[in-house]
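Heads up, the thing below is written out as structure tokens.
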Amino acid sequence: MKANNFAVSREERRFEDYVAGAVYEFDETAGISQEDIVNFSQVYDPQYFHLDPDLAENGPYKGIIASGAHTIALTFRLYVKNFLPGQASFGSPGLDELRWLRPVRPGDTLRLRLTIQETIPSQSKNDRGTVHSLLETINQNDEAVMVCKCKNIIGKRRTG
């Protein structure tokens with residue numbers, strides 16, 4: 001099942017709107033510049049291949065690349081704004097199987113492809129359930145640059 005939009009708005013979205021097998025590809029993208037990469041890395045990941053274009057040119061990636069943490073941050077901005085519900089998001093117990101598959105370079109444009117793998121109603125709290133999703137961060141060449149599995153606790157609609 002492939003979908004581009006939910007049947008309800010983000011604010012109205014609840015656990016019942018997340019269907020196992022659905023695949024979402026959102027129109028919103030995240031661009032990244034060399035300045036973005038350097039600024040982020042100066043604060044959070046000060047390695048030379050994120051900071052210094054001249055040194056990076058002779059390094060293992062043959063140029064400056066974004067930090068993996070930066071790639072996660074860009075992915076999660078797209079994830080939160082396009083996939084998670086507004087007030088019905090109860091947070092996440094964590095990520096699994098995080099992998100960086102290709103370097104993210106200045107000028108890349110990233111988008112999110114998301115597959116709902118499983119939905120599990122809570123056995124102990126009937127007002128919520130857990131949505132298991134595969135997140136794929138895709139660049140402008142339709143190449144996956146990062147993948148991870150994410151679990152989110154989502155509130156259900158009130159039934160009475």
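Please note that chains go A, B, ... in the order of the structure tokens, that every chain numbers its residues from 1, and that ligands are numbered from 1 in the order shown.
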**Prompt:** Within 10 Å of Leu84 in chain A, counting only C-alpha atoms, which residues qualify if same-chain residues fewer than 5 places away don't, as number ranges by chain?
**Reply:** A: 10-11, 13-15, 18, 78-79, 89-91, 152-154
Tell me, counting only C-alpha atoms, for each residue of range 63-112 of chain A within 9 Å of range 25-49 of chain A, which pair of atoms is nearest and how far apart they are in Å to one decimal, in rows ordered by chain and increasing number, as CSV.
```
residue,atom,partner,partner_atom,distance
A:Gly63,CA,A:Phe49,CA,7.0
A:Ile64,CA,A:Phe49,CA,5.1
A:Ile65,CA,A:Phe49,CA,6.3
A:Ala66,CA,A:Ile37,CA,5.3
A:Ser67,CA,A:Asp45,CA,6.5
A:Gly68,CA,A:Asp45,CA,8.9
A:Ala69,CA,A:Asp45,CA,7.8
A:His70,CA,A:Phe40,CA,6.9
A:Leu74,CA,A:Ala30,CA,6.6
A:Thr75,CA,A:Ala30,CA,8.1
A:Arg77,CA,A:Ala30,CA,8.6
A:Leu78,CA,A:Glu28,CA,7.1
A:Asn82,CA,A:Phe26,CA,7.0
A:Phe83,CA,A:Phe26,CA,8.7
A:Val104,CA,A:Ile32,CA,8.4
A:Arg105,CA,A:Ile32,CA,7.6
A:Pro106,CA,A:Ser33,CA,4.5
A:Gly107,CA,A:Ser33,CA,5.3
A:Asp108,CA,A:Ile32,CA,5.8
A:Thr109,CA,A:Gly31,CA,4.3
A:Leu110,CA,A:Ala30,CA,5.0
A:Arg111,CA,A:Thr29,CA,4.7
A:Leu112,CA,A:Glu25,CA,6.0
```
**Residue neighbourhood range 115-128 of chain A, 8 Å, only C-alpha atoms, exclusion window fewer than 5 positions, as a VMD selection string** = chain A and resid 15 18 to 24 133 to 135 153 to 158
**Request:** Enumerate as a ChimeraX atom specification all residues of range 58-122 of chain A assigned to strand (DSSP E or B) by DSSP on the backbone, naming them with the chain letters and numbers the document uses.
**Result:** /A:89,94-100,109-121
**Prompt:** Where does DSSP see alpha helix (DSSP H) in chain A, if you list the residues as a count of residues only?
**Reply:** 35
**Item:** Distance of CA of Leu51 in chain A from CA of Leu98 in chain A, expressed in Å to one decimal place
**Value:**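 So the answer is 23.3 Å.
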